[in-house]
Amino acid sequence: MLRIGTLGSSRISAPALIEPADSVPEVTVAAVAARDLARAEAYALRHGLERAYGSYEELLADPDIDAVYNPLPNSLHGPWTLRAIEAGKHVLCEKPFASNADEAAQVARAASASGLVVMEAMHYRYHPLIQRLTEVVGELGPVRHIQAWTSFAIFATALTPRSGSVGCAVLPIAVIFHAEIPG
């Protein structure tokens, strides 16, 4: 049984981790950590999690937790992913994986040296639609040309910096369109 703890009591954790994990018998989301124990306890109760911690450090120190999900503000992704690796935990980190190329390289080196699985939460890679699309493309023969369009609403709140971070939409969009993290 893979036991996962989530760093923070974010809104994204339920649809991105807790609900999908319910359909995988070998996985359980067992704990949540927040900067406020009462908040973590309320979140754990609401989502049926066994344990709640009043700090991220406490969750990382729990020997019964195998992996962590990191949905913290963007500016905290790199630092807390590194701390989770140091604690011997596998990591699923929300996008963006890091705030800049140097931080991403540092996380990649630490992950490689640790032998742990450390991934950015690019969920589409494992979606059944993408898996089927890959099969169909393979059946059709070599790809000669791809053309695609994408559009999405960007609300002002997505562009508002919080905790020293650019908004949650900016870096993933930059990576999609420029294949690199700006700055």
# chains A, B, ... in the order shown; residues from 1 in each chain; ligands from 1

$ residues_around --residues "Asp66 (chain A)" --least-positions-apart "5" --cutoff "12 Å" --atoms "only C-alpha atoms" --output "mmCIF file with N, CA and C atoms, in the first residue's frame"
data_model
loop_
_atom_site.group_PDB
_atom_site.id
_atom_site.type_symbol
_atom_site.label_atom_id
_atom_site.label_comp_id
_atom_site.auth_asym_id
_atom_site.auth_seq_id
_atom_site.Cartn_x
_atom_site.Cartn_y
_atom_site.Cartn_z
ATOM 1 N N MET A 1 0.841 -1.182 0.000
ATOM 2 C CA MET A 1 0.000 0.000 0.000
ATOM 3 C C MET A 1 0.889 1.248 0.000
ATOM 4 N N LEU A 2 0.683 2.105 -0.989
ATOM 5 C CA LEU A 2 1.384 3.387 -1.059
ATOM 6 C C LEU A 2 0.574 4.395 -0.259
ATOM 7 N N ARG A 3 1.208 4.984 0.752
ATOM 8 C CA ARG A 3 0.540 5.949 1.623
ATOM 9 C C ARG A 3 1.055 7.348 1.302
ATOM 10 N N ILE A 4 0.125 8.226 0.893
ATOM 11 C CA ILE A 4 0.475 9.575 0.448
ATOM 12 C C ILE A 4 -0.023 10.597 1.458
ATOM 13 N N GLY A 5 0.787 11.628 1.667
ATOM 14 C CA GLY A 5 0.387 12.778 2.466
ATOM 15 C C GLY A 5 0.402 14.008 1.586
ATOM 16 N N THR A 6 -0.504 14.930 1.837
ATOM 17 C CA THR A 6 -0.552 16.155 1.036
ATOM 18 C C THR A 6 -0.060 17.335 1.864
ATOM 19 N N VAL A 27 -3.394 2.410 -3.211
ATOM 20 C CA VAL A 27 -3.012 3.758 -2.792
ATOM 21 C C VAL A 27 -4.017 4.281 -1.774
ATOM 22 N N THR A 28 -3.498 4.983 -0.771
ATOM 23 C CA THR A 28 -4.381 5.708 0.138
ATOM 24 C C THR A 28 -3.767 7.067 0.442
ATOM 25 N N VAL A 29 -4.595 8.081 0.440
ATOM 26 C CA VAL A 29 -4.153 9.392 0.896
ATOM 27 C C VAL A 29 -4.422 9.379 2.394
ATOM 28 N N ALA A 30 -3.353 9.347 3.164
ATOM 29 C CA ALA A 30 -3.460 9.076 4.592
ATOM 30 C C ALA A 30 -3.320 10.306 5.477
ATOM 31 N N ALA A 31 -2.768 11.400 4.957
ATOM 32 C CA ALA A 31 -2.476 12.525 5.842
ATOM 33 C C ALA A 31 -2.488 13.852 5.104
ATOM 34 N N LEU A 59 4.692 16.084 8.758
ATOM 35 C CA LEU A 59 4.279 15.091 7.765
ATOM 36 C C LEU A 59 5.508 14.425 7.152
ATOM 37 N N LEU A 60 6.512 15.211 6.804
ATOM 38 C CA LEU A 60 7.717 14.649 6.194
ATOM 39 C C LEU A 60 8.454 13.716 7.152
ATOM 40 N N ALA A 61 8.304 13.927 8.440
ATOM 41 C CA ALA A 61 8.977 13.083 9.429
ATOM 42 C C ALA A 61 8.219 11.789 9.717
ATOM 43 N N ALA A 84 11.151 17.180 0.801
ATOM 44 C CA ALA A 84 10.522 15.853 0.771
ATOM 45 C C ALA A 84 11.522 14.797 0.294
ATOM 46 N N ILE A 85 12.317 15.133 -0.710
ATOM 47 C CA ILE A 85 13.350 14.205 -1.192
ATOM 48 C C ILE A 85 14.335 13.918 -0.069
ATOM 49 N N ALA A 87 13.780 13.922 2.978
ATOM 50 C CA ALA A 87 13.099 13.089 3.978
ATOM 51 C C ALA A 87 12.853 11.672 3.464
ATOM 52 N N GLY A 88 13.255 11.404 2.209
ATOM 53 C CA GLY A 88 13.103 10.059 1.653
ATOM 54 C C GLY A 88 11.719 9.762 1.109
ATOM 55 N N LYS A 89 10.999 10.805 0.718
ATOM 56 C CA LYS A 89 9.638 10.628 0.189
ATOM 57 C C LYS A 89 9.617 10.781 -1.328
ATOM 58 N N HIS A 90 8.810 9.956 -1.982
ATOM 59 C CA HIS A 90 8.495 10.171 -3.392
ATOM 60 C C HIS A 90 7.644 11.433 -3.455
ATOM 61 N N VAL A 91 7.651 12.130 -4.605
ATOM 62 C CA VAL A 91 6.936 13.410 -4.701
ATOM 63 C C VAL A 91 6.153 13.508 -6.004
ATOM 64 N N LEU A 92 4.906 13.930 -5.870
ATOM 65 C CA LEU A 92 4.089 14.372 -6.998
ATOM 66 C C LEU A 92 3.874 15.858 -6.762
ATOM 67 N N LEU A 116 14.417 8.211 -5.826
ATOM 68 C CA LEU A 116 12.979 8.350 -5.586
ATOM 69 C C LEU A 116 12.267 8.776 -6.864
ATOM 70 N N VAL A 117 10.965 8.533 -6.920
ATOM 71 C CA VAL A 117 10.148 9.014 -8.027
ATOM 72 C C VAL A 117 9.704 10.431 -7.677
#

$ residues_around --residues "Gly78 (chain A)" --least-positions-apart "6" --cutoff "7 Å" --atoms "only C-alpha atoms" --output "PyMOL selection string"
chain A and resi 97-99+103+107

$ closest_residue --among "A:Val24, A:Ala34, A:Ala113, A:Ala105" --to "Asn70 (chain A)" --atoms "only C-alpha atoms"
A:Ala34

$ atom_distance --atom1 "CA of Arg83 (chain A)" --atom2 "CA of His47 (chain A)"
25.1 Å

$ select_by_dssp --residues "chain A" --states "alpha helix (DSSP H)" --output "ChimeraX atom specification"
/A:13,19-21,37-47,56-61,74-86,101-114,128-140,170-178

$ closest_residue --among "A:Gly48, A:Pro71, A:Pro25, A:Pro20" --to "Gly8 (chain A)" --atoms "only C-alpha atoms"
A:Pro71

$ residues_around --residues "region 41-44 of chain A" --least-positions-apart "6" --cutoff "9 Å" --atoms "only C-alpha atoms" --output "short mmCIF file (atom, residue, chain, number, x, y, z; two decimals) with N, CA and C atoms, in the first residue's frame"
data_model
loop_
_atom_site.label_atom_id
_atom_site.label_comp_id
_atom_site.auth_asym_id
_atom_site.auth_seq_id
_atom_site.Cartn_x
_atom_site.Cartn_y
_atom_site.Cartn_z
N SER A 9 -3.68 22.23 2.65
CA SER A 9 -5.10 21.86 2.54
C SER A 9 -5.74 22.59 1.37
N ALA A 30 -3.35 9.35 3.16
CA ALA A 30 -3.46 9.08 4.59
C ALA A 30 -3.32 10.31 5.48
N ALA A 31 -2.77 11.40 4.96
CA ALA A 31 -2.48 12.52 5.84
C ALA A 31 -2.49 13.85 5.10
N VAL A 32 -2.71 14.90 5.88
CA VAL A 32 -2.61 16.26 5.38
C VAL A 32 -1.83 17.08 6.40
N ALA A 33 -1.03 18.00 5.91
CA ALA A 33 -0.31 18.93 6.78
C ALA A 33 -0.70 20.35 6.37
N ALA A 34 -0.86 21.20 7.35
CA ALA A 34 -1.13 22.61 7.10
C ALA A 34 -0.35 23.41 8.13
N GLU A 50 -6.69 9.89 7.61
CA GLU A 50 -6.39 9.37 8.95
C GLU A 50 -5.67 10.37 9.85
N ARG A 51 -4.75 11.12 9.28
CA ARG A 51 -3.86 11.94 10.09
C ARG A 51 -3.85 13.39 9.62
N ALA A 52 -3.62 14.29 10.60
CA ALA A 52 -3.49 15.71 10.31
C ALA A 52 -2.29 16.23 11.08
N TYR A 53 -1.51 17.08 10.44
CA TYR A 53 -0.32 17.65 11.06
C TYR A 53 -0.37 19.17 10.99
N GLY A 54 0.16 19.81 12.00
CA GLY A 54 0.19 21.27 12.07
C GLY A 54 1.41 21.89 11.43
#

$ select_by_dssp --residues "chain A" --states "strand (DSSP E)" --output "list in words"
Leu2, Arg3, Ile4, Gly5, Thr6, Leu7, Val27, Thr28, Val29, Ala30, Ala31, Val32, Ala33, Arg51, Ala52, Tyr53, Ala67, Val68, Tyr69, Asn70, His90, Val91, Leu92, Cys93, Val118, Met119 and Glu120 of chain A

$ atom_distance --atom1 "CA of Leu49 (chain A)" --atom2 "CA of Leu17 (chain A)"
12.2 Å

$ atom_distance --atom1 "CA of Ala104 (chain A)" --atom2 "CA of Leu76 (chain A)"
12.2 Å

$ closest_residue --among "A:Tyr56, A:Ala16, A:Leu82, A:His145" --to "Ser112 (chain A)" --atoms "only C-alpha atoms"
A:Leu82

$ decode --residues "region 8-134 of chain A" --atoms "C-alpha atoms" --output "short mmCIF file (atom, residue, chain, number, x, y, z; two decimals), in the first residue's frame"
data_model
loop_
_atom_site.label_atom_id
_atom_site.label_comp_id
_atom_site.auth_asym_id
_atom_site.auth_seq_id
_atom_site.Cartn_x
_atom_site.Cartn_y
_atom_site.Cartn_z
CA GLY A 8 -1.34 21.91 2.53
CA SER A 9 -5.10 21.86 2.54
CA SER A 10 -5.54 23.22 -0.96
CA ARG A 11 -8.67 23.02 -3.11
CA ILE A 12 -6.80 21.19 -5.88
CA SER A 13 -5.86 18.22 -3.66
CA ALA A 14 -9.34 16.67 -3.66
CA PRO A 15 -9.94 16.50 -7.44
CA ALA A 16 -6.28 15.99 -8.38
CA LEU A 17 -5.31 13.42 -5.74
CA ILE A 18 -7.82 12.34 -3.10
CA GLU A 19 -10.74 11.46 -5.40
CA PRO A 20 -8.64 9.64 -8.06
CA ALA A 21 -6.76 7.72 -5.33
CA ASP A 22 -10.08 6.28 -4.15
CA SER A 23 -10.21 4.22 -7.34
CA VAL A 24 -6.73 2.70 -6.86
CA PRO A 25 -6.78 -0.06 -4.22
CA GLU A 26 -2.99 0.05 -3.74
CA VAL A 27 -3.01 3.76 -2.79
CA THR A 28 -4.38 5.71 0.14
CA VAL A 29 -4.15 9.39 0.90
CA ALA A 30 -3.46 9.08 4.59
CA ALA A 31 -2.48 12.52 5.84
CA VAL A 32 -2.61 16.26 5.38
CA ALA A 33 -0.31 18.93 6.78
CA ALA A 34 -1.13 22.61 7.10
CA ARG A 35 0.49 25.54 8.87
CA ASP A 36 -2.49 25.48 11.24
CA LEU A 37 -3.38 22.18 12.95
CA ALA A 38 -7.07 23.06 13.24
CA ARG A 39 -7.21 23.66 9.50
CA ALA A 40 -5.46 20.34 8.81
CA GLU A 41 -7.83 18.49 11.18
CA ALA A 42 -10.90 20.00 9.50
CA TYR A 43 -9.54 19.07 6.07
CA ALA A 44 -8.72 15.51 7.19
CA LEU A 45 -12.22 15.09 8.61
CA ARG A 46 -13.87 16.49 5.46
CA HIS A 47 -11.87 14.16 3.18
CA GLY A 48 -11.61 11.06 5.37
CA LEU A 49 -7.86 11.23 5.96
CA GLU A 50 -6.39 9.37 8.95
CA ARG A 51 -3.86 11.94 10.09
CA ALA A 52 -3.49 15.71 10.31
CA TYR A 53 -0.32 17.65 11.06
CA GLY A 54 0.19 21.27 12.07
CA SER A 55 3.36 21.60 10.00
CA TYR A 56 4.79 20.27 6.77
CA GLU A 57 7.88 19.10 8.66
CA GLU A 58 5.75 16.79 10.82
CA LEU A 59 4.28 15.09 7.77
CA LEU A 60 7.72 14.65 6.19
CA ALA A 61 8.98 13.08 9.43
CA ASP A 62 6.18 10.47 9.50
CA PRO A 63 7.79 7.11 8.63
CA ASP A 64 4.40 5.71 7.57
CA ILE A 65 4.08 8.20 4.69
CA ASP A 66 5.73 6.96 1.48
CA ALA A 67 5.04 9.89 -0.83
CA VAL A 68 3.88 13.49 -0.74
CA TYR A 69 1.72 15.58 -3.02
CA ASN A 70 2.93 19.18 -3.23
CA PRO A 71 0.16 21.62 -4.21
CA LEU A 72 1.65 24.54 -2.28
CA PRO A 73 1.98 28.02 -3.84
CA ASN A 74 4.28 27.95 -6.86
CA SER A 75 7.20 29.63 -5.09
CA LEU A 76 7.21 26.77 -2.55
CA HIS A 77 7.19 23.88 -5.03
CA GLY A 78 10.97 23.62 -5.42
CA PRO A 79 11.93 24.12 -1.76
CA TRP A 80 9.35 21.68 -0.34
CA THR A 81 9.98 19.11 -3.05
CA LEU A 82 13.67 19.21 -2.09
CA ARG A 83 12.77 18.82 1.59
CA ALA A 84 10.52 15.85 0.77
CA ILE A 85 13.35 14.20 -1.19
CA GLU A 86 15.71 14.80 1.75
CA ALA A 87 13.10 13.09 3.98
CA GLY A 88 13.10 10.06 1.65
CA LYS A 89 9.64 10.63 0.19
CA HIS A 90 8.49 10.17 -3.39
CA VAL A 91 6.94 13.41 -4.70
CA LEU A 92 4.09 14.37 -7.00
CA CYS A 93 4.44 18.14 -7.43
CA GLU A 94 1.83 20.40 -8.97
CA LYS A 95 2.73 22.59 -11.91
CA PRO A 96 5.06 24.38 -12.19
CA PHE A 97 7.66 22.00 -10.85
CA ALA A 98 10.01 24.87 -9.95
CA SER A 99 10.18 28.65 -10.16
CA ASN A 100 13.12 28.78 -12.57
CA ALA A 101 15.50 26.60 -14.54
CA ASP A 102 18.19 26.53 -11.82
CA GLU A 103 15.70 25.36 -9.21
CA ALA A 104 14.32 22.72 -11.58
CA ALA A 105 17.85 21.43 -12.23
CA GLN A 106 18.52 21.29 -8.49
CA VAL A 107 15.34 19.24 -7.90
CA ALA A 108 16.18 16.96 -10.85
CA ARG A 109 19.69 16.31 -9.49
CA ALA A 110 18.36 15.58 -6.00
CA ALA A 111 15.69 13.25 -7.39
CA SER A 112 18.19 11.40 -9.55
CA ALA A 113 20.65 10.98 -6.68
CA SER A 114 17.92 9.77 -4.32
CA GLY A 115 16.44 7.06 -6.53
CA LEU A 116 12.98 8.35 -5.59
CA VAL A 117 10.15 9.01 -8.03
CA VAL A 118 9.67 12.77 -8.35
CA MET A 119 7.12 13.93 -10.93
CA GLU A 120 5.35 17.06 -12.04
CA ALA A 121 1.58 16.58 -12.03
CA MET A 122 1.02 16.55 -15.77
CA HIS A 123 -2.11 14.43 -15.45
CA TYR A 124 -2.94 14.34 -19.14
CA ARG A 125 -0.06 11.90 -19.76
CA TYR A 126 -1.98 9.18 -17.93
CA HIS A 127 -5.51 10.06 -19.03
CA PRO A 128 -7.30 7.22 -20.86
CA LEU A 129 -8.10 9.56 -23.77
CA ILE A 130 -4.40 10.31 -24.35
CA GLN A 131 -3.51 6.62 -24.04
CA ARG A 132 -6.14 5.75 -26.67
CA LEU A 133 -5.02 8.63 -28.90
CA THR A 134 -1.46 7.27 -28.75
#
